[in-house]
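Everything below belongs to entry_30.cif, which stores mmCIF, C-alpha atoms, pLDDT in the B column; chains and numbers go by the auth columns.
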```cif
data_model
#
loop_
_atom_site.group_PDB
_atom_site.id
_atom_site.type_symbol
_atom_site.label_atom_id
_atom_site.label_comp_id
_atom_site.label_asym_id
_atom_site.label_seq_id
_atom_site.Cartn_x
_atom_site.Cartn_y
_atom_site.Cartn_z
_atom_site.B_iso_or_equiv
_atom_site.auth_seq_id
_atom_site.auth_asym_id
ATOM 1 C CA SER A 1 86.301 93.179 135.364 57.00 1 A
ATOM 2 C CA ALA A 2 84.909 96.330 133.759 66.00 2 A
ATOM 3 C CA PRO A 3 83.384 96.151 130.261 78.00 3 A
ATOM 4 C CA ARG A 4 85.753 97.166 127.481 74.00 4 A
ATOM 5 C CA HIS A 5 83.765 100.279 126.532 73.00 5 A
ATOM 6 C CA ARG A 6 83.857 101.509 130.140 80.00 6 A
ATOM 7 C CA LEU A 7 87.604 101.028 130.243 74.00 7 A
ATOM 8 C CA LEU A 8 88.059 102.970 127.017 71.00 8 A
ATOM 9 C CA GLU A 9 85.850 105.767 128.326 76.00 9 A
ATOM 10 C CA ALA A 10 87.930 105.977 131.504 76.00 10 A
ATOM 11 C CA ILE A 11 91.172 106.116 129.526 67.00 11 A
ATOM 12 C CA GLU A 12 89.837 108.869 127.276 69.00 12 A
ATOM 13 C CA ALA A 13 88.691 110.840 130.329 70.00 13 A
ATOM 14 C CA LEU A 14 92.172 110.611 131.844 65.00 14 A
ATOM 15 C CA TYR A 15 93.699 111.634 128.530 63.00 15 A
ATOM 16 C CA ARG A 16 91.457 114.716 128.310 60.00 16 A
ATOM 17 C CA ARG A 17 92.501 115.704 131.820 62.00 17 A
ATOM 18 C CA SER A 18 96.187 115.441 130.779 59.00 18 A
ATOM 19 C CA LEU A 19 96.902 112.746 133.361 59.00 19 A
ATOM 20 C CA ILE A 20 98.178 110.300 130.762 59.00 20 A
ATOM 21 C CA ASP A 21 99.990 110.441 127.426 65.00 21 A
ATOM 22 C CA ARG A 22 99.735 108.095 124.501 64.00 22 A
ATOM 23 C CA GLY A 23 102.583 105.604 124.569 64.00 23 A
ATOM 24 C CA ARG A 24 105.165 104.996 121.888 67.00 24 A
ATOM 25 C CA ASP A 25 103.444 101.809 120.788 68.00 25 A
ATOM 26 C CA LYS A 26 99.975 101.840 119.294 68.00 26 A
ATOM 27 C CA GLY A 27 97.228 101.326 121.851 64.00 27 A
ATOM 28 C CA THR A 28 99.430 102.066 124.869 68.00 28 A
ATOM 29 C CA PHE A 29 99.331 104.852 127.423 64.00 29 A
ATOM 30 C CA ALA A 30 101.738 106.201 130.040 65.00 30 A
ATOM 31 C CA LEU A 31 101.394 108.507 133.014 62.00 31 A
ATOM 32 C CA GLN A 32 102.353 112.135 132.546 61.00 32 A
ATOM 33 C CA SER A 33 105.823 112.649 133.984 70.00 33 A
ATOM 34 C CA VAL A 34 104.588 114.983 136.716 63.00 34 A
ATOM 35 C CA VAL A 35 101.921 112.459 137.738 66.00 35 A
ATOM 36 C CA LEU A 36 104.438 109.615 137.652 70.00 36 A
ATOM 37 C CA GLU A 37 106.825 111.589 139.851 79.00 37 A
ATOM 38 C CA TYR A 38 104.053 112.279 142.360 78.00 38 A
ATOM 39 C CA VAL A 39 102.898 108.649 142.463 81.00 39 A
ATOM 40 C CA THR A 40 106.484 107.412 142.837 86.00 40 A
ATOM 41 C CA ALA A 41 107.186 109.871 145.647 89.00 41 A
ATOM 42 C CA ARG A 42 104.037 108.774 147.479 91.00 42 A
ATOM 43 C CA LEU A 43 104.964 105.115 147.065 91.00 43 A
ATOM 44 C CA ILE A 44 108.447 105.728 148.496 92.00 44 A
ATOM 45 C CA VAL A 45 107.085 107.531 151.546 93.00 45 A
ATOM 46 C CA GLU A 46 104.324 104.999 152.169 94.00 46 A
ATOM 47 C CA VAL A 47 106.629 101.981 151.873 94.00 47 A
ATOM 48 C CA GLY A 48 109.072 103.580 154.315 93.00 48 A
ATOM 49 C CA GLU A 49 106.249 104.242 156.766 94.00 49 A
ATOM 50 C CA GLU A 50 104.907 100.710 156.358 94.00 50 A
ATOM 51 C CA ILE A 51 108.252 99.085 157.086 95.00 51 A
ATOM 52 C CA GLN A 52 108.486 101.035 160.316 93.00 52 A
ATOM 53 C CA SER A 53 104.865 100.541 161.377 93.00 53 A
ATOM 54 C CA GLY A 54 104.412 96.944 160.235 92.00 54 A
ATOM 55 C CA LYS A 55 101.329 97.726 158.123 91.00 55 A
ATOM 56 C CA LEU A 56 102.687 96.332 154.870 93.00 56 A
ATOM 57 C CA ASP A 57 100.055 96.764 152.159 94.00 57 A
ATOM 58 C CA ARG A 58 102.192 98.581 149.564 92.00 58 A
ATOM 59 C CA LEU A 59 105.235 96.413 150.225 94.00 59 A
ATOM 60 C CA ILE A 60 103.158 93.324 149.453 95.00 60 A
ATOM 61 C CA GLU A 61 101.204 94.729 146.525 94.00 61 A
ATOM 62 C CA TYR A 62 103.917 96.400 144.435 92.00 62 A
ATOM 63 C CA GLY A 63 107.310 95.226 143.228 91.00 63 A
ATOM 64 C CA LEU A 64 109.864 97.990 143.770 92.00 64 A
ATOM 65 C CA GLU A 65 112.399 96.441 141.380 90.00 65 A
ATOM 66 C CA LEU A 66 111.202 93.950 138.776 82.00 66 A
ATOM 67 C CA ALA A 67 113.647 91.535 137.186 74.00 67 A
ATOM 68 C CA HIS A 68 111.710 91.258 133.916 69.00 68 A
ATOM 69 C CA SER A 69 111.978 94.968 133.184 72.00 69 A
ATOM 70 C CA ARG A 70 114.485 96.121 130.613 77.00 70 A
ATOM 71 C CA GLU A 71 117.864 96.586 132.245 77.00 71 A
ATOM 72 C CA TYR A 72 117.838 100.376 132.047 78.00 72 A
ATOM 73 C CA VAL A 73 114.334 100.390 133.562 80.00 73 A
ATOM 74 C CA ARG A 74 115.412 98.049 136.349 83.00 74 A
ATOM 75 C CA GLN A 75 118.420 100.232 137.110 86.00 75 A
ATOM 76 C CA THR A 76 116.135 103.268 137.231 85.00 76 A
ATOM 77 C CA GLN A 77 113.802 101.437 139.612 87.00 77 A
ATOM 78 C CA GLU A 78 116.766 100.567 141.801 90.00 78 A
ATOM 79 C CA ARG A 79 118.091 104.124 141.821 90.00 79 A
ATOM 80 C CA LEU A 80 114.852 106.102 142.068 89.00 80 A
ATOM 81 C CA ILE A 81 112.679 103.763 144.135 93.00 81 A
ATOM 82 C CA VAL A 82 114.640 101.146 146.093 94.00 82 A
ATOM 83 C CA SER A 83 117.476 103.503 147.045 94.00 83 A
ATOM 84 C CA MET A 84 115.015 106.253 147.938 94.00 84 A
ATOM 85 C CA VAL A 85 113.040 103.918 150.205 95.00 85 A
ATOM 86 C CA LEU A 86 116.323 102.989 151.838 94.00 86 A
ATOM 87 C CA ASN A 87 117.084 106.676 152.374 93.00 87 A
ATOM 88 C CA GLN A 88 113.720 107.011 154.112 92.00 88 A
ATOM 89 C CA LEU A 89 114.657 104.151 156.416 94.00 89 A
ATOM 90 C CA ARG A 90 118.058 105.654 157.175 93.00 90 A
ATOM 91 C CA ILE A 91 116.262 108.793 158.347 92.00 91 A
ATOM 92 C CA ARG A 92 113.822 106.812 160.485 90.00 92 A
ATOM 93 C CA TYR A 93 116.468 104.573 162.079 92.00 93 A
ATOM 94 C CA ARG A 94 119.665 105.857 163.654 84.00 94 A
ATOM 95 C CA ARG A 95 122.112 103.214 162.421 90.00 95 A
ATOM 96 C CA PRO A 96 122.363 101.011 159.297 88.00 96 A
ATOM 97 C CA SER A 97 122.404 97.974 161.577 94.00 97 A
ATOM 98 C CA GLU A 98 118.953 98.950 162.843 96.00 98 A
ATOM 99 C CA VAL A 99 117.668 99.146 159.269 96.00 99 A
ATOM 100 C CA GLU A 100 119.077 95.699 158.527 96.00 100 A
ATOM 101 C CA ASP A 101 117.614 94.293 161.732 96.00 101 A
ATOM 102 C CA ARG A 102 114.177 95.623 160.803 97.00 102 A
ATOM 103 C CA LEU A 103 114.326 94.202 157.280 97.00 103 A
ATOM 104 C CA THR A 104 115.437 90.762 158.454 96.00 104 A
ATOM 105 C CA GLU A 105 112.766 90.867 161.157 97.00 105 A
ATOM 106 C CA LEU A 106 110.164 91.349 158.434 97.00 106 A
ATOM 107 C CA LEU A 107 111.614 88.432 156.460 96.00 107 A
ATOM 108 C CA ALA A 108 111.087 86.265 159.533 96.00 108 A
ATOM 109 C CA HIS A 109 107.520 87.560 159.782 96.00 109 A
ATOM 110 C CA PHE A 110 106.693 86.655 156.189 96.00 110 A
ATOM 111 C CA ARG A 111 108.229 83.216 156.642 94.00 111 A
ATOM 112 C CA GLN A 112 105.210 82.434 158.832 94.00 112 A
ATOM 113 C CA THR A 113 102.695 83.472 156.155 94.00 113 A
ATOM 114 C CA THR A 114 101.383 81.823 152.994 92.00 114 A
ATOM 115 C CA GLU A 115 102.792 82.410 149.523 88.00 115 A
ATOM 116 C CA ALA A 116 99.713 84.437 148.544 89.00 116 A
ATOM 117 C CA GLU A 117 100.016 86.634 151.630 94.00 117 A
ATOM 118 C CA GLN A 118 103.671 87.407 150.929 95.00 118 A
ATOM 119 C CA GLY A 119 103.157 88.989 147.511 94.00 119 A
ATOM 120 C CA TYR A 120 106.190 91.045 146.488 95.00 120 A
ATOM 121 C CA ALA A 121 107.297 91.725 150.067 96.00 121 A
ATOM 122 C CA PRO A 122 110.183 89.202 150.345 95.00 122 A
ATOM 123 C CA ALA A 123 111.616 90.307 146.983 94.00 123 A
ATOM 124 C CA ASN A 124 111.305 93.965 148.004 95.00 124 A
ATOM 125 C CA LEU A 125 113.065 93.288 151.298 96.00 125 A
ATOM 126 C CA LEU A 126 115.763 91.393 149.401 96.00 126 A
ATOM 127 C CA ALA A 127 116.233 94.384 147.071 95.00 127 A
ATOM 128 C CA LEU A 128 116.574 96.755 150.030 96.00 128 A
ATOM 129 C CA LEU A 129 119.080 94.480 151.768 96.00 129 A
ATOM 130 C CA LYS A 130 121.031 94.132 148.529 94.00 130 A
ATOM 131 C CA ILE A 131 121.504 97.916 148.299 94.00 131 A
ATOM 132 C CA LEU A 132 122.036 98.388 152.033 95.00 132 A
ATOM 133 C CA ARG A 133 124.730 95.710 152.379 94.00 133 A
ATOM 134 C CA GLY A 134 126.105 95.518 148.847 92.00 134 A
ATOM 135 C CA HIS A 135 125.680 91.739 149.004 92.00 135 A
ATOM 136 C CA LEU A 136 123.376 89.056 150.406 90.00 136 A
ATOM 137 C CA ARG A 137 125.984 86.912 152.120 87.00 137 A
ATOM 138 C CA GLY A 138 124.771 84.870 155.052 88.00 138 A
ATOM 139 C CA LEU A 139 121.150 86.024 154.917 91.00 139 A
ATOM 140 C CA ASP A 140 118.203 83.704 155.449 91.00 140 A
ATOM 141 C CA PHE A 141 115.595 83.684 152.669 90.00 141 A
ATOM 142 C CA SER A 142 114.400 80.172 153.429 84.00 142 A
ATOM 143 C CA ASN A 143 110.715 79.277 153.027 85.00 143 A
ATOM 144 C CA LEU A 144 109.865 82.572 151.338 90.00 144 A
ATOM 145 C CA SER A 145 108.172 83.340 148.034 90.00 145 A
ATOM 146 C CA ILE A 146 110.553 85.570 146.079 90.00 146 A
ATOM 147 C CA ARG A 147 108.946 87.077 142.981 88.00 147 A
ATOM 148 C CA ARG A 148 110.736 88.775 140.090 87.00 148 A
ATOM 149 C CA ALA A 149 113.912 89.460 142.050 89.00 149 A
ATOM 150 C CA SER A 150 117.091 90.589 140.325 86.00 150 A
ATOM 151 C CA LEU A 151 119.933 88.429 141.640 82.00 151 A
ATOM 152 C CA GLN A 152 122.413 88.965 138.824 80.00 152 A
ATOM 153 C CA GLY A 153 125.967 89.686 139.893 78.00 153 A
ATOM 154 C CA ILE A 154 125.110 89.573 143.606 81.00 154 A
ATOM 155 C CA ASP A 155 127.372 87.810 146.099 80.00 155 A
ATOM 156 C CA MET A 156 125.097 85.306 147.865 76.00 156 A
ATOM 157 C CA GLN A 157 127.699 83.130 149.556 70.00 157 A
ATOM 158 C CA ASP A 158 126.199 81.191 152.477 72.00 158 A
ATOM 159 C CA ALA A 159 122.764 82.741 151.896 79.00 159 A
ATOM 160 C CA SER A 160 120.000 80.231 152.587 78.00 160 A
ATOM 161 C CA PHE A 161 117.204 79.728 150.072 76.00 161 A
ATOM 162 C CA SER A 162 116.177 76.363 151.483 67.00 162 A
ATOM 163 C CA GLY A 163 112.511 75.706 150.789 69.00 163 A
ATOM 164 C CA ALA A 164 112.113 79.071 149.062 77.00 164 A
ATOM 165 C CA MET A 165 109.887 79.446 146.009 79.00 165 A
ATOM 166 C CA ILE A 166 111.792 81.644 143.558 78.00 166 A
ATOM 167 C CA LEU A 167 109.488 82.951 140.838 78.00 167 A
ATOM 168 C CA ASP A 168 110.394 84.693 137.560 79.00 168 A
ATOM 169 C CA SER A 169 113.751 85.938 138.841 80.00 169 A
ATOM 170 C CA THR A 170 117.066 86.569 137.095 77.00 170 A
ATOM 171 C CA PHE A 171 120.405 85.493 138.484 67.00 171 A
ATOM 172 C CA THR A 172 123.955 84.497 137.623 64.00 172 A
ATOM 173 C CA GLN A 173 124.766 82.241 140.556 53.00 173 A
ATOM 174 C CA ILE A 174 123.821 78.634 141.253 55.00 174 A
ATOM 175 C CA PHE A 175 123.284 77.736 144.880 59.00 175 A
ATOM 176 C CA ASP A 176 124.635 74.171 144.825 67.00 176 A
ATOM 177 C CA ALA A 177 126.560 71.717 142.645 71.00 177 A
ATOM 178 C CA LEU A 178 124.557 70.578 139.608 75.00 178 A
ATOM 179 C CA MET A 179 124.086 66.859 139.046 84.00 179 A
ATOM 180 C CA ALA A 180 121.735 66.814 136.035 85.00 180 A
ATOM 181 C CA VAL A 181 120.384 69.177 133.388 81.00 181 A
ATOM 182 C CA ALA A 182 117.622 68.854 130.793 86.00 182 A
ATOM 183 C CA ILE A 183 115.894 70.939 128.115 79.00 183 A
ATOM 184 C CA SER A 184 112.272 70.252 127.222 85.00 184 A
ATOM 185 C CA PRO A 185 111.591 68.911 123.692 84.00 185 A
ATOM 186 C CA LYS A 186 110.515 72.263 122.221 83.00 186 A
ATOM 187 C CA GLY A 187 112.883 74.328 124.341 78.00 187 A
ATOM 188 C CA LYS A 188 110.160 75.872 126.490 83.00 188 A
ATOM 189 C CA TYR A 189 111.892 74.946 129.753 85.00 189 A
ATOM 190 C CA TRP A 190 115.392 74.345 131.018 85.00 190 A
ATOM 191 C CA ALA A 191 115.866 72.411 134.250 88.00 191 A
ATOM 192 C CA ALA A 192 118.727 71.526 136.561 88.00 192 A
ATOM 193 C CA ALA A 193 118.989 69.277 139.597 89.00 193 A
ATOM 194 C CA SER A 194 121.384 69.619 142.507 85.00 194 A
ATOM 195 C CA ARG A 195 123.377 67.513 144.874 85.00 195 A
ATOM 196 C CA SER A 196 121.114 68.568 147.745 85.00 196 A
ATOM 197 C CA GLY A 197 117.871 67.584 145.997 89.00 197 A
ATOM 198 C CA GLU A 198 116.806 70.990 144.682 87.00 198 A
ATOM 199 C CA ILE A 199 115.320 71.595 141.228 90.00 199 A
ATOM 200 C CA TRP A 200 115.581 74.821 139.239 86.00 200 A
ATOM 201 C CA LEU A 201 113.288 75.566 136.308 87.00 201 A
ATOM 202 C CA TRP A 202 114.100 78.312 133.797 82.00 202 A
ATOM 203 C CA GLY A 203 112.241 79.882 130.908 75.00 203 A
ATOM 204 C CA ALA A 204 113.437 79.375 127.351 62.00 204 A
ATOM 205 C CA ASP A 205 116.028 82.144 127.562 55.00 205 A
ATOM 206 C CA GLY A 206 117.914 80.142 130.161 55.00 206 A
ATOM 207 C CA LEU A 207 118.255 83.232 132.367 58.00 207 A
ATOM 208 C CA THR A 208 114.832 83.738 133.923 67.00 208 A
ATOM 209 C CA LEU A 209 114.353 81.421 136.872 71.00 209 A
ATOM 210 C CA GLN A 210 110.656 80.581 137.033 78.00 210 A
ATOM 211 C CA ARG A 211 110.666 78.125 139.934 81.00 211 A
ATOM 212 C CA ALA A 212 113.066 76.594 142.443 81.00 212 A
ATOM 213 C CA TRP A 213 112.087 74.021 145.035 84.00 213 A
ATOM 214 C CA ARG A 214 113.373 71.153 147.176 85.00 214 A
ATOM 215 C CA ALA A 215 112.221 68.049 145.321 89.00 215 A
ATOM 216 C CA HIS A 216 114.130 65.335 147.203 92.00 216 A
ATOM 217 C CA VAL A 217 116.054 64.841 150.405 89.00 217 A
ATOM 218 C CA GLU A 218 119.107 63.465 148.588 91.00 218 A
ATOM 219 C CA THR A 219 121.019 63.982 145.334 91.00 219 A
ATOM 220 C CA VAL A 220 119.030 64.086 142.075 92.00 220 A
ATOM 221 C CA PRO A 221 121.188 62.465 139.361 91.00 221 A
ATOM 222 C CA THR A 222 118.516 62.282 136.652 91.00 222 A
ATOM 223 C CA ILE A 223 115.711 64.493 135.324 93.00 223 A
ATOM 224 C CA ALA A 224 113.607 64.370 132.156 92.00 224 A
ATOM 225 C CA PHE A 225 110.728 66.257 130.525 92.00 225 A
ATOM 226 C CA SER A 226 107.630 64.640 129.072 93.00 226 A
ATOM 227 C CA PRO A 227 107.088 65.030 125.294 93.00 227 A
ATOM 228 C CA ASP A 228 104.252 67.539 125.861 92.00 228 A
ATOM 229 C CA GLU A 229 106.476 69.646 128.187 90.00 229 A
ATOM 230 C CA ARG A 230 103.839 69.533 130.919 90.00 230 A
ATOM 231 C CA THR A 231 105.630 67.178 133.307 93.00 231 A
ATOM 232 C CA LEU A 232 109.121 66.932 134.760 94.00 232 A
ATOM 233 C CA ALA A 233 110.335 63.605 136.150 94.00 233 A
ATOM 234 C CA THR A 234 113.027 63.588 138.834 94.00 234 A
ATOM 235 C CA GLY A 235 114.867 60.564 140.186 93.00 235 A
ATOM 236 C CA SER A 236 116.864 60.665 143.400 93.00 236 A
ATOM 237 C CA TRP A 237 119.259 58.648 145.491 93.00 237 A
ATOM 238 C CA ASP A 238 116.530 58.729 148.139 91.00 238 A
ATOM 239 C CA SER A 239 114.948 55.877 146.110 92.00 239 A
ATOM 240 C CA THR A 240 112.034 57.900 144.776 93.00 240 A
ATOM 241 C CA LEU A 241 110.850 58.994 141.369 93.00 241 A
ATOM 242 C CA LYS A 242 108.597 62.055 141.315 94.00 242 A
ATOM 243 C CA LEU A 243 106.465 63.644 138.609 93.00 243 A
ATOM 244 C CA TRP A 244 105.942 67.414 138.681 92.00 244 A
ATOM 245 C CA ASP A 245 103.088 69.133 136.867 89.00 245 A
ATOM 246 C CA LEU A 246 104.780 72.182 135.336 85.00 246 A
ATOM 247 C CA THR A 247 101.468 73.935 134.765 80.00 247 A
ATOM 248 C CA LEU A 248 101.054 73.984 138.540 74.00 248 A
ATOM 249 C CA VAL A 249 104.584 73.165 139.704 52.00 249 A
ATOM 250 C CA SER A 250 103.069 70.858 142.261 43.00 250 A
ATOM 251 C CA TYR A 251 103.807 67.275 143.229 42.00 251 A
ATOM 252 C CA SER A 252 101.648 64.929 141.178 40.00 252 A
ATOM 253 C CA GLY A 253 102.922 61.448 141.877 41.00 253 A
ATOM 254 C CA GLN A 254 105.647 59.217 143.215 42.00 254 A
ATOM 255 C CA ALA A 255 106.981 55.742 142.586 40.00 255 A
ATOM 256 C CA ASP A 256 109.583 53.762 144.474 40.00 256 A
ATOM 257 C CA THR A 257 112.602 53.203 142.222 40.00 257 A
ATOM 258 C CA ARG A 258 114.101 50.356 144.211 38.00 258 A
ATOM 259 C CA ALA A 259 114.267 47.024 142.443 34.00 259 A
#
```
Could I get this file's structure written as structure tokens?
Amino acid sequence: SAPRHRLLEAIEALYRRSLIDRGRDKGTFALQSVVLEYVTARLIVEVGEEIQSGKLDRLIEYGLELAHSREYVRQTQERLIVSMVLNQLRIRYRRPSEVEDRLTELLAHFRQTTEAEQGYAPANLLALLKILRGHLRGLDFSNLSIRRASLQGIDMQDASFSGAMILDSTFTQIFDALMAVAISPKGKYWAAASRSGEIWLWGADGLTLQRAWRAHVETVPTIAFSPDERTLATGSWDSTLKLWDLTLVSYSGQADTRA
């Protein structure tokens, strides 16, 4: 990374050229509105072109609608970015069904790639499909990495998220019947386990879904956090007990629970 003094010099140079304004909070900066409008317009055009061509750099690199933004900001992102990209696609494709086919085709493409290679693309495609269809019913998001997606108030009946890694997303709907819930000792995490063996992990607000994964092949009736909040234990009817390192959210051990 660049030295701090170089960064400050660059910021001051941009400020002198009237490309940025000082932000409301001390030590913050924001793009001039005319520059922001230009950058946003370029992003919309480039993402539309990428979706058609299959060269998906911007779609992977940038989140078009970020769940952690303030609600009015997220709504603005949805209206001025996601909807505008969708308008670009409607111009490029003759029928809405062709747009949907292209978006679901790209979901299938990313399903064959690694989590790192997917970036924001699956969440961006989800956002576009959400606006295009008005719901996500029956869609397949399995085995995808979905980052910072806004799923609140969206009808997702029969949508498949099997094997998906859902990161830092907000939602109002649970995908399966809950069998166990737990809150870590200091309230840092909330967790829930499902009938189908899935685990959901939320941040302390109880609304932001940080991780979701298939932990077991059968029902998980019991879960518990370690005192240091670094490990989650899950016990299943598949006769296994598993320990999950929450700093990595990776499988760290297993013991047979049968007597």
Segment 163-170 of chain A, all listed atoms, 4 Å padding on each side: what axis-aligned box centre and edge lengths in Å to one decimal come out, as JSON?
```
{"center_x": 113.3, "center_y": 81.1, "center_z": 143.9, "size_x": 15.6, "size_y": 18.9, "size_z": 21.7}
```
Rounded to one decimal place, report the atom CA of Pro221 of chain A-atom CA of Ala192 of chain A distance in Å.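 Between atom CA of Pro221 of chain A and atom CA of Ala192 of chain A the gap works out to 9.8 Å.
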Residue by residue, what does the PyMOL selection byres ((chain A and resi 160) around 7) grab here? Present the result as a list in words.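 When the PyMOL selection byres ((chain A and resi 160) around 7) is applied, the selected residues are Leu139, Asp140, Phe141, Ser142, Asp158, Ala159, Phe161 and Ser162 of chain A.
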Selection near Gly48 of chain A, 7 Å with all atoms listed in the file, sequence-local residues under 4 positions removed, as an MDAnalysis selection string: chainID A and resid 44 52 85 88:89
Tell me, in Å to one decimal, how far atom CA of Leu178 of chain A is from atom CA of Arg195 of chain A.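 Taking atom CA of Leu178 of chain A and atom CA of Arg195 of chain A, their separation equals 6.2 Å.
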Shell around segment 102-119 of chain A at 12 Å using all atoms listed in the file, local window under 4 positions removed, as an MDAnalysis selection string: chainID A and resid 48 50:64 86 89:90 92:98 123:130 132:133 136 138:148 161:167
When the PyMOL selection byres ((chain A and resi 65-67) around 7) is applied to the structure above, which residues does it catch, written out as a list in words?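 Output of the PyMOL selection byres ((chain A and resi 65-67) around 7): Gly63, Leu64, His68, Ser69, Arg74, Gln77, Glu78, Arg148, Ala149, Ser150, Ser169 and Thr170 of chain A.
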From A:Leu8, A:Ile81, A:Val99, A:Val73, residue lying nearest Val45 of chain A [only C-alpha atoms]: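 For Val45 of chain A, the nearest of the candidates is A:Ile81.
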Pairwise distance, atom CA of Thr247 of chain A with atom CA of Arg230 of chain A, equals 6.3 Å
Tell me which residues the PyMOL selection byres ((chain A and resi 196) around 9) grabs here, as a PyMOL selection string. chain A and resi 176-177+193-195+197-198+214+216-220
When distances are computed from all atoms listed in the file, which of A:Val47, A:Ala182, A:Leu248, A:Ala13 shows the smallest separation from Gln210 of chain A?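 Comparing A:Val47, A:Ala182, A:Leu248, A:Ala13 against Gln210 of chain A, the winner is A:Leu248.
When all atoms listed in the file are used to measure the gap to Gly187 of chain A, the shortest distance among A:Pro3, A:Gly153, A:Pro122, A:Pro227 belongs to A:Pro227.
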